[in-house]
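Structure below is run-v9.txt: compact mmCIF, C-alpha atoms.
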```
# COMPACT_ATOMS: atom_id res chain seq x y z
CA MET Z 1 0.00 0.00 0.00
CA ASP Z 2 2.73 2.43 0.96
CA GLN Z 3 4.46 1.66 -2.33
CA GLU Z 4 1.29 2.44 -4.29
CA LEU Z 5 0.90 5.74 -2.46
CA THR Z 6 4.57 6.62 -3.01
CA VAL Z 7 4.46 5.84 -6.73
CA ALA Z 8 1.47 8.10 -7.27
CA LYS Z 9 2.45 10.64 -4.63
CA GLU Z 10 2.66 13.61 -7.00
CA SER Z 11 -0.81 13.07 -8.43
CA ILE Z 12 -2.18 12.29 -4.96
CA ASP Z 13 -0.75 15.48 -3.50
CA ASN Z 14 -2.30 17.43 -6.38
CA LEU Z 15 -5.65 15.80 -5.67
CA LEU Z 16 -5.51 16.46 -1.93
CA SER Z 17 -4.50 20.08 -2.53
CA LYS Z 18 -7.96 20.62 -4.05
CA ILE Z 19 -9.73 19.83 -0.76
CA PRO Z 20 -8.88 23.21 0.85
CA GLU Z 21 -10.09 24.81 -2.40
CA LEU Z 22 -13.35 22.87 -2.06
CA LYS Z 23 -13.83 24.15 1.50
CA LYS Z 24 -13.09 27.69 0.34
CA ALA Z 25 -15.66 27.36 -2.45
CA ILE Z 26 -18.33 26.19 0.01
CA HIS Z 27 -17.51 29.09 2.35
CA THR Z 28 -18.30 31.43 -0.55
CA LYS Z 29 -21.92 31.14 0.57
CA ILE Z 30 -21.75 29.36 3.93
CA ILE Z 31 -20.50 31.25 6.98
CA GLY Z 32 -19.06 29.15 9.79
CA GLN Z 33 -20.15 25.49 10.17
CA ASP Z 34 -16.56 24.31 9.62
CA GLU Z 35 -17.10 20.97 11.34
CA VAL Z 36 -20.27 20.26 9.35
CA ILE Z 37 -18.51 21.08 6.06
CA ASP Z 38 -15.62 18.78 6.98
CA GLN Z 39 -18.07 15.98 7.69
CA LEU Z 40 -19.88 16.51 4.39
CA ILE Z 41 -16.57 16.17 2.56
CA ILE Z 42 -15.73 13.08 4.61
CA GLY Z 43 -19.01 11.50 3.50
CA LEU Z 44 -18.21 12.31 -0.12
CA ILE Z 45 -14.67 10.90 0.03
CA ALA Z 46 -15.75 7.80 1.95
CA SER Z 47 -18.47 6.96 -0.63
CA GLY Z 48 -21.20 7.27 1.97
CA HIS Z 49 -24.50 9.06 2.27
CA VAL Z 50 -25.14 11.82 4.78
CA LEU Z 51 -28.16 12.79 6.88
CA LEU Z 52 -28.28 16.33 8.24
CA GLU Z 53 -30.62 17.36 11.02
CA GLY Z 54 -31.36 20.83 12.31
CA VAL Z 55 -34.23 23.20 12.93
CA PRO Z 56 -35.49 25.26 9.98
CA GLY Z 57 -33.39 28.23 8.90
CA LEU Z 58 -29.88 26.85 9.51
CA ALA Z 59 -28.97 26.76 5.78
CA LYS Z 60 -28.93 22.96 5.51
CA THR Z 61 -30.34 23.09 1.98
CA LEU Z 62 -28.07 25.95 0.93
CA MET Z 63 -25.06 24.06 2.28
CA VAL Z 64 -25.82 20.99 0.17
CA LYS Z 65 -26.56 23.06 -2.94
CA THR Z 66 -23.31 24.96 -2.50
CA LEU Z 67 -21.38 21.70 -2.16
CA ALA Z 68 -23.00 20.48 -5.37
CA GLN Z 69 -22.06 23.71 -7.15
CA SER Z 70 -18.46 23.15 -6.05
CA LEU Z 71 -18.37 19.85 -7.95
CA SER Z 72 -18.58 19.30 -11.70
CA LEU Z 73 -21.46 16.87 -11.34
CA ASP Z 74 -25.17 16.66 -12.10
CA PHE Z 75 -27.40 17.62 -9.18
CA ASN Z 76 -31.09 17.23 -8.39
CA ARG Z 77 -33.07 18.45 -5.42
CA ILE Z 78 -36.18 16.51 -4.40
CA GLN Z 79 -38.55 18.24 -2.02
CA PHE Z 80 -40.13 15.51 0.08
CA THR Z 81 -43.79 16.13 0.88
CA PRO Z 82 -46.59 14.01 2.41
CA ASP Z 83 -48.09 13.27 -1.03
CA LEU Z 84 -44.83 12.25 -2.76
CA MET Z 85 -44.98 8.77 -4.32
CA PRO Z 86 -42.08 6.34 -5.01
CA SER Z 87 -42.59 6.74 -8.77
CA ASP Z 88 -42.10 10.49 -8.39
CA ILE Z 89 -38.49 9.94 -7.40
CA LEU Z 90 -37.54 6.62 -9.03
CA GLY Z 91 -39.34 6.96 -12.35
CA THR Z 92 -42.17 5.12 -14.06
CA GLU Z 93 -43.11 3.35 -17.29
CA ILE Z 94 -45.09 5.18 -19.92
CA ILE Z 95 -46.74 3.94 -23.11
CA GLN Z 96 -44.87 4.84 -26.33
CA SER Z 97 -45.53 4.07 -29.99
CA ASP Z 98 -43.01 3.14 -32.68
CA LYS Z 99 -43.20 4.12 -36.36
CA SER Z 100 -45.42 1.13 -37.10
CA GLY Z 101 -47.91 2.16 -34.47
CA ASN Z 102 -46.96 -0.65 -32.10
CA LYS Z 103 -47.19 0.34 -28.49
CA PHE Z 104 -44.54 -0.48 -25.88
CA LEU Z 105 -43.60 0.52 -22.37
CA GLU Z 106 -40.58 2.74 -21.83
CA PHE Z 107 -39.04 3.49 -18.45
CA MET Z 108 -38.71 7.21 -17.82
CA LYS Z 109 -36.00 7.78 -15.24
CA GLY Z 110 -36.83 9.87 -12.19
CA PRO Z 111 -34.75 12.58 -10.51
CA VAL Z 112 -32.63 10.05 -8.57
CA PHE Z 113 -30.71 9.34 -11.77
CA THR Z 114 -28.04 11.93 -11.18
CA ASN Z 115 -24.71 12.23 -9.33
CA ILE Z 116 -25.80 14.21 -6.27
CA ILE Z 117 -29.28 14.14 -4.74
CA LEU Z 118 -30.60 16.44 -2.09
CA ALA Z 119 -33.52 14.67 -0.39
CA ASP Z 120 -34.86 17.79 1.27
CA GLU Z 121 -36.92 17.28 4.46
CA ILE Z 122 -36.91 13.52 3.94
CA ASN Z 123 -38.89 12.95 7.13
CA ARG Z 124 -41.90 14.85 5.80
CA THR Z 125 -42.84 12.03 3.42
CA PRO Z 126 -44.46 8.71 4.48
CA PRO Z 127 -42.35 5.56 5.05
CA LYS Z 128 -43.42 4.01 1.72
CA THR Z 129 -41.66 6.75 -0.22
CA GLN Z 130 -38.72 6.91 2.20
CA ALA Z 131 -38.16 3.18 1.66
CA ALA Z 132 -37.97 3.71 -2.10
CA LEU Z 133 -34.47 5.07 -1.53
CA LEU Z 134 -33.20 1.93 0.21
CA GLU Z 135 -32.02 0.02 -2.87
CA LEU Z 136 -30.30 2.92 -4.56
CA MET Z 137 -28.50 3.87 -1.33
CA GLN Z 138 -27.08 0.35 -0.96
CA GLU Z 139 -26.91 -1.07 -4.49
CA TYR Z 140 -26.51 2.15 -6.50
CA ALA Z 141 -29.27 0.95 -8.81
CA VAL Z 142 -33.04 1.07 -9.23
CA THR Z 143 -35.11 -2.04 -10.02
CA TYR Z 144 -38.40 -1.41 -11.81
CA ALA Z 145 -40.67 -4.06 -13.35
CA GLY Z 146 -37.93 -6.67 -12.92
CA LYS Z 147 -35.25 -4.66 -14.76
CA ARG Z 148 -32.22 -3.15 -13.08
CA TYR Z 149 -31.12 0.39 -13.92
CA PRO Z 150 -27.66 1.30 -12.54
CA LEU Z 151 -26.93 4.82 -11.31
CA ASP Z 152 -24.03 6.88 -12.58
CA LYS Z 153 -20.99 7.19 -10.33
CA PRO Z 154 -20.03 9.01 -8.26
CA PHE Z 155 -23.40 8.93 -6.54
CA PHE Z 156 -23.93 10.88 -3.33
CA LEU Z 157 -27.22 11.23 -1.45
CA LEU Z 158 -27.62 13.95 1.14
CA ALA Z 159 -30.83 14.14 3.12
CA THR Z 160 -32.03 16.87 5.44
CA GLN Z 161 -34.61 16.56 8.17
CA ASN Z 162 -36.11 18.63 10.92
CA PRO Z 163 -36.03 17.19 14.43
CA ILE Z 164 -38.48 14.33 14.91
CA GLU Z 165 -40.35 16.34 17.55
CA GLN Z 166 -41.57 18.71 14.84
CA SER Z 167 -45.22 18.16 13.82
CA GLY Z 168 -46.02 16.50 10.51
CA THR Z 169 -42.92 14.31 10.33
CA PHE Z 170 -42.37 10.56 9.86
CA PRO Z 171 -39.35 8.96 11.57
CA LEU Z 172 -37.06 7.18 9.11
CA PRO Z 173 -37.06 3.35 9.29
CA GLU Z 174 -34.10 2.00 11.26
CA ALA Z 175 -32.88 -0.03 8.25
CA GLN Z 176 -32.71 3.12 6.15
CA VAL Z 177 -31.09 5.28 8.82
CA ASP Z 178 -28.34 2.67 9.18
CA ARG Z 179 -27.43 3.15 5.51
CA PHE Z 180 -26.34 6.72 6.12
CA LEU Z 181 -22.61 6.86 6.76
CA LEU Z 182 -22.92 10.00 8.90
CA PHE Z 183 -25.68 11.69 10.87
CA ILE Z 184 -24.67 15.33 11.18
CA LYS Z 185 -26.38 17.71 13.56
CA VAL Z 186 -26.38 21.31 12.37
CA ASN Z 187 -26.31 23.73 15.29
CA TYR Z 188 -26.97 27.45 15.58
CA PRO Z 189 -24.15 29.79 14.48
CA THR Z 190 -22.09 31.76 16.97
CA ALA Z 191 -23.01 35.39 17.68
CA ALA Z 192 -20.21 36.68 15.42
CA GLU Z 193 -21.18 34.29 12.61
CA GLU Z 194 -24.84 35.26 12.89
CA GLU Z 195 -24.01 38.95 12.59
CA GLU Z 196 -21.94 38.21 9.48
CA ILE Z 197 -24.80 36.13 8.04
CA LEU Z 198 -27.22 39.02 8.59
CA ASN Z 199 -24.87 41.50 6.89
CA VAL Z 200 -24.07 39.27 3.91
CA THR Z 201 -27.54 37.91 3.18
CA THR Z 202 -29.44 41.19 3.37
CA GLY Z 203 -27.30 43.09 0.88
CA THR Z 204 -27.17 43.19 -2.90
CA GLN Z 205 -23.92 41.33 -3.53
CA SER Z 206 -23.99 37.67 -4.50
CA LYS Z 207 -20.92 35.50 -5.02
CA ASP Z 208 -20.73 32.71 -7.60
CA VAL Z 209 -19.42 29.27 -6.67
CA LYS Z 210 -16.92 27.74 -9.09
CA PRO Z 211 -16.48 23.95 -9.48
CA VAL Z 212 -13.32 22.60 -7.87
CA LEU Z 213 -13.49 18.80 -8.23
CA SER Z 214 -14.54 16.73 -11.23
CA GLY Z 215 -16.33 13.40 -11.13
CA GLN Z 216 -13.06 11.58 -11.83
CA ASP Z 217 -11.35 13.50 -9.03
CA ILE Z 218 -14.01 12.27 -6.61
CA LEU Z 219 -13.73 8.66 -7.82
CA ASP Z 220 -9.95 8.86 -7.39
CA LEU Z 221 -10.35 10.25 -3.86
CA GLN Z 222 -12.83 7.50 -3.00
CA LYS Z 223 -10.38 4.87 -4.23
CA LEU Z 224 -7.53 6.51 -2.33
CA CYS Z 225 -9.65 6.57 0.83
CA ARG Z 226 -9.78 2.77 0.90
CA GLU Z 227 -6.01 2.58 0.42
CA VAL Z 228 -5.32 4.57 3.59
CA SER Z 229 -3.79 2.22 6.13
CA ILE Z 230 -5.08 1.49 9.63
CA ALA Z 231 -3.16 -0.46 12.26
CA PRO Z 232 -4.61 -3.80 13.49
CA ASP Z 233 -4.82 -2.50 17.06
CA LEU Z 234 -7.02 0.41 15.93
CA VAL Z 235 -9.28 -2.01 14.04
CA SER Z 236 -9.61 -4.00 17.25
CA LYS Z 237 -10.48 -0.86 19.21
CA VAL Z 238 -13.13 0.09 16.65
CA SER Z 239 -14.64 -3.38 16.95
CA SER Z 240 -14.59 -3.17 20.75
CA MET Z 241 -16.29 0.23 20.78
CA VAL Z 242 -19.05 -0.90 18.43
CA ARG Z 243 -19.64 -4.08 20.44
CA ALA Z 244 -19.71 -2.01 23.63
CA THR Z 245 -22.91 -0.31 22.38
CA ARG Z 246 -24.82 -3.60 22.55
CA PRO Z 247 -26.52 -4.32 25.89
CA ASP Z 248 -26.07 -8.08 25.53
CA ALA Z 249 -22.36 -7.87 24.68
CA THR Z 250 -21.01 -5.20 27.04
CA SER Z 251 -19.92 -5.00 30.64
CA SER Z 252 -21.03 -1.37 30.88
CA GLU Z 253 -23.96 -0.98 33.25
CA TYR Z 254 -24.59 2.46 31.72
CA VAL Z 255 -25.25 0.93 28.28
CA LYS Z 256 -27.32 -1.90 29.73
CA LYS Z 257 -29.43 0.62 31.62
CA TYR Z 258 -30.28 2.96 28.76
CA VAL Z 259 -29.77 1.16 25.41
CA ASP Z 260 -32.29 -1.18 23.79
CA TRP Z 261 -30.35 -1.88 20.58
CA GLY Z 262 -26.70 -1.21 19.80
CA ALA Z 263 -24.82 -0.64 16.56
CA GLY Z 264 -24.31 -3.43 14.00
CA PRO Z 265 -21.21 -4.38 11.99
CA ARG Z 266 -21.95 -1.68 9.41
CA ALA Z 267 -21.15 0.88 12.12
CA GLY Z 268 -17.59 -0.46 12.39
CA GLN Z 269 -17.16 -0.39 8.62
CA SER Z 270 -18.45 3.18 8.51
CA LEU Z 271 -16.24 4.26 11.39
CA ILE Z 272 -13.09 2.98 9.68
CA LEU Z 273 -13.98 4.47 6.28
CA ALA Z 274 -14.88 7.84 7.80
CA ALA Z 275 -11.66 7.82 9.84
CA LYS Z 276 -9.67 7.10 6.66
CA ALA Z 277 -11.38 10.01 4.91
CA HIS Z 278 -10.64 12.27 7.89
CA ALA Z 279 -6.97 11.26 7.68
CA LEU Z 280 -6.90 12.27 4.01
CA LEU Z 281 -8.42 15.65 4.90
CA ARG Z 282 -5.45 16.15 7.21
CA GLY Z 283 -2.97 15.06 4.52
CA ARG Z 284 -2.16 11.70 6.12
CA TYR Z 285 -2.16 8.23 4.56
CA ALA Z 286 -2.61 6.34 7.83
CA VAL Z 287 -5.35 6.48 10.47
CA ILE Z 288 -4.49 7.69 13.97
CA PRO Z 289 -6.75 7.63 17.07
CA GLU Z 290 -7.66 11.30 16.54
CA ASP Z 291 -9.29 10.42 13.20
CA ILE Z 292 -11.56 7.89 14.89
CA LYS Z 293 -12.47 10.30 17.68
CA SER Z 294 -13.37 13.01 15.16
CA VAL Z 295 -15.99 10.88 13.38
CA LEU Z 296 -17.25 8.78 16.30
CA TYR Z 297 -20.38 10.81 17.04
CA PRO Z 298 -21.74 11.31 13.49
CA VAL Z 299 -21.08 7.63 12.68
CA LEU Z 300 -22.75 6.15 15.77
CA ARG Z 301 -25.46 8.58 16.89
CA HIS Z 302 -28.12 7.26 14.47
CA ARG Z 303 -27.31 3.60 15.11
CA LEU Z 304 -28.28 3.32 18.79
CA ILE Z 305 -31.85 2.93 20.00
CA LEU Z 306 -32.39 4.10 23.57
CA ASN Z 307 -35.13 2.92 25.89
CA PHE Z 308 -37.85 4.82 27.73
CA LYS Z 309 -35.72 5.12 30.86
CA ALA Z 310 -33.12 7.10 28.88
CA SER Z 311 -35.83 9.40 27.56
CA SER Z 312 -37.32 9.97 30.99
CA GLU Z 313 -33.91 10.85 32.43
CA ASN Z 314 -32.90 13.07 29.48
CA ILE Z 315 -30.08 10.74 28.45
CA SER Z 316 -29.14 11.31 24.81
CA VAL Z 317 -27.33 9.08 22.33
CA ASP Z 318 -24.36 11.44 22.51
CA ASN Z 319 -24.21 10.80 26.27
CA ILE Z 320 -23.89 7.09 25.56
CA ILE Z 321 -21.21 7.61 22.91
CA SER Z 322 -19.19 9.77 25.28
CA GLN Z 323 -18.66 6.65 27.39
CA LEU Z 324 -17.07 4.86 24.42
CA GLU Z 325 -14.49 7.43 23.39
CA LEU Z 326 -11.07 6.08 22.47
CA LYS Z 327 -8.65 6.44 25.35
```
Output the file's structure in the form of structure tokens.
Amino acid sequence: MDQELTVAKESIDNLLSKIPELKKAIHTKIIGQDEVIDQLIIGLIASGHVLLEGVPGLAKTLMVKTLAQSLSLDFNRIQFTPDLMPSDILGTEIIQSDKSGNKFLEFMKGPVFTNIILADEINRTPPKTQAALLELMQEYAVTYAGKRYPLDKPFFLLATQNPIEQSGTFPLPEAQVDRFLLFIKVNYPTAAEEEEILNVTTGTQSKDVKPVLSGQDILDLQKLCREVSIAPDLVSKVSSMVRATRPDATSSEYVKKYVDWGAGPRAGQSLILAAKAHALLRGRYAVIPEDIKSVLYPVLRHRLILNFKASSENISVDNIISQLELK
């Protein structure tokens, strides 16, 4: 692995030098939110999908659109509503006629056939339509009427949602939530950032976002991400932390008291891939404990199901994860 990285070091360094440019391009329209932007890029490099949650007005949609504008890729935004049907996003068959007048069915591809999808307010549509995204998130393809239609690569799905407590929302099925690499919580800006936002967004000037990475650049970064090395002892620690979230496989009384269901093996896979992507963002070709710590919360927080006792005592998932942090 080290030999491969050394041989292609010049091209790799050129590729990694574009990441700061990508961040700068996103900050053309997004003020602050540095950690969220880093995590979005980690999801992109690690070939994973990302779920963002925050109250209305925190620029979640603008952030995703700006990221898409920074990449030379096709982009579609789907506004999820209570009346949205699976065929509205996947596509449907329509009747066509040839020159001889013979009729036949032709599949008309839906908006998911693109490189980057923004599933905006995904929790405002019923579970039937939410579940329509399951196959394409995992298999990068859509099956309709027994025929498989592959998606173009790179393919990156970003979904936004308002907190579940908001009225008129439908919680995502656990199987679908688990397919998101990262669950990012978007918080309020600082006082200084909010003042800057108010000044910038209420004036007449508007800045254009220029593409920084091409589709091939992203595919190369995704390949490079998997080539980043991780020591066997760190793999063991990742496995131990994931297993420690399961009430039936841990010695932690804290987890046994508040957790109904812990994280599955996909959590460990996601944690390692996200840590590798974080290492690349820092210009390193090997994972260190700091990389794992940096992605621990967004990788695990949507994969634990707490019980009623946790809810009644105001124990959050992040409280549980804090007990697992790498020493």
Which residue out of Z:Thr202, Z:Gln222, Z:Thr92, Z:Asn187 has the minimum interatomic distance to Z:Phe156 when all atoms listed in the file are used?
Z:Gln222
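Shown here are all protein and nucleic acid residues lying within 12 Å of (-45.4, 5.0, 9.2), with all atoms listed in the file considered: Pro82, Asn123, Arg124, Thr125, Pro126, Pro127, Lys128, Thr129, Gln130, Ala131, Gly168, Thr169, Phe170, Pro171, Leu172, Pro173 and Glu174 of chain Z.
Using all atoms listed in the file, the smallest distance between any of Z:Ile320, Z:Ala192, Z:Arg266, Z:Ser70 and Z:Ala244 comes from Z:Ile320.
Using only C-alpha atoms, the protein and nucleic acid residues lying no more than 6 Å from stretch 208-217 of chain Z, apart from those fewer than 3 places from it along its own chain, are Leu22, Ala25, Ser70, Leu71, Ser72 and Asp220 of chain Z.
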Which value, in Å to one decimal, gives the distance between atom CA of Z:Pro111 and atom CA of Z:Gly91?
7.5 Å
As a PyMOL selection string, please: the residues near Z:Pro56 (cut-off 10 Å, only C-alpha atoms, same-chain neighbours under 6 positions excluded).
chain Z and resi 121+161-163
Ranking Z:Leu281, Z:Phe308, Z:Asp318, Z:Leu182 by minimum distance to Z:Asp13 and counting all atoms listed in the file, which one comes first?
Z:Leu281
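Distance-wise, atom CA of Z:Ala310 and atom CA of Z:Leu271 end up 24.5 Å apart.
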Near Z:Glu106, counting all atoms listed in the file, which residues have an atom at most 7 Å away, once you skip same-chain residues fewer than 2 positions from it, shown as a short mmCIF file (atom, residue, chain, number, x, y, z; two decimals) with C-alpha atoms, keeping the file's coordinate frame?
```cif
data_model
loop_
_atom_site.label_atom_id
_atom_site.label_comp_id
_atom_site.auth_asym_id
_atom_site.auth_seq_id
_atom_site.Cartn_x
_atom_site.Cartn_y
_atom_site.Cartn_z
CA GLU Z 93 -43.11 3.35 -17.29
CA ILE Z 94 -45.09 5.18 -19.92
CA ILE Z 95 -46.74 3.94 -23.11
CA GLN Z 96 -44.87 4.84 -26.33
CA PHE Z 104 -44.54 -0.48 -25.88
CA MET Z 108 -38.71 7.21 -17.82
#
```
Residue with the minimum atom-to-atom distance to Z:Arg243, picked from Z:Ala263, Z:Ile26, Z:Ala231, Z:Val36 with only C-alpha atoms counted, is Z:Ala263
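Each of Z:Leu90, Z:Ala119, Z:Ala59, Z:Leu16 was checked against Z:Leu151 using only C-alpha atoms; the smallest atom-to-atom distance is that of Z:Leu90.
Of note, atom CA of Z:Leu52 and atom CA of Z:Gly110 are spaced 23.1 Å apart.
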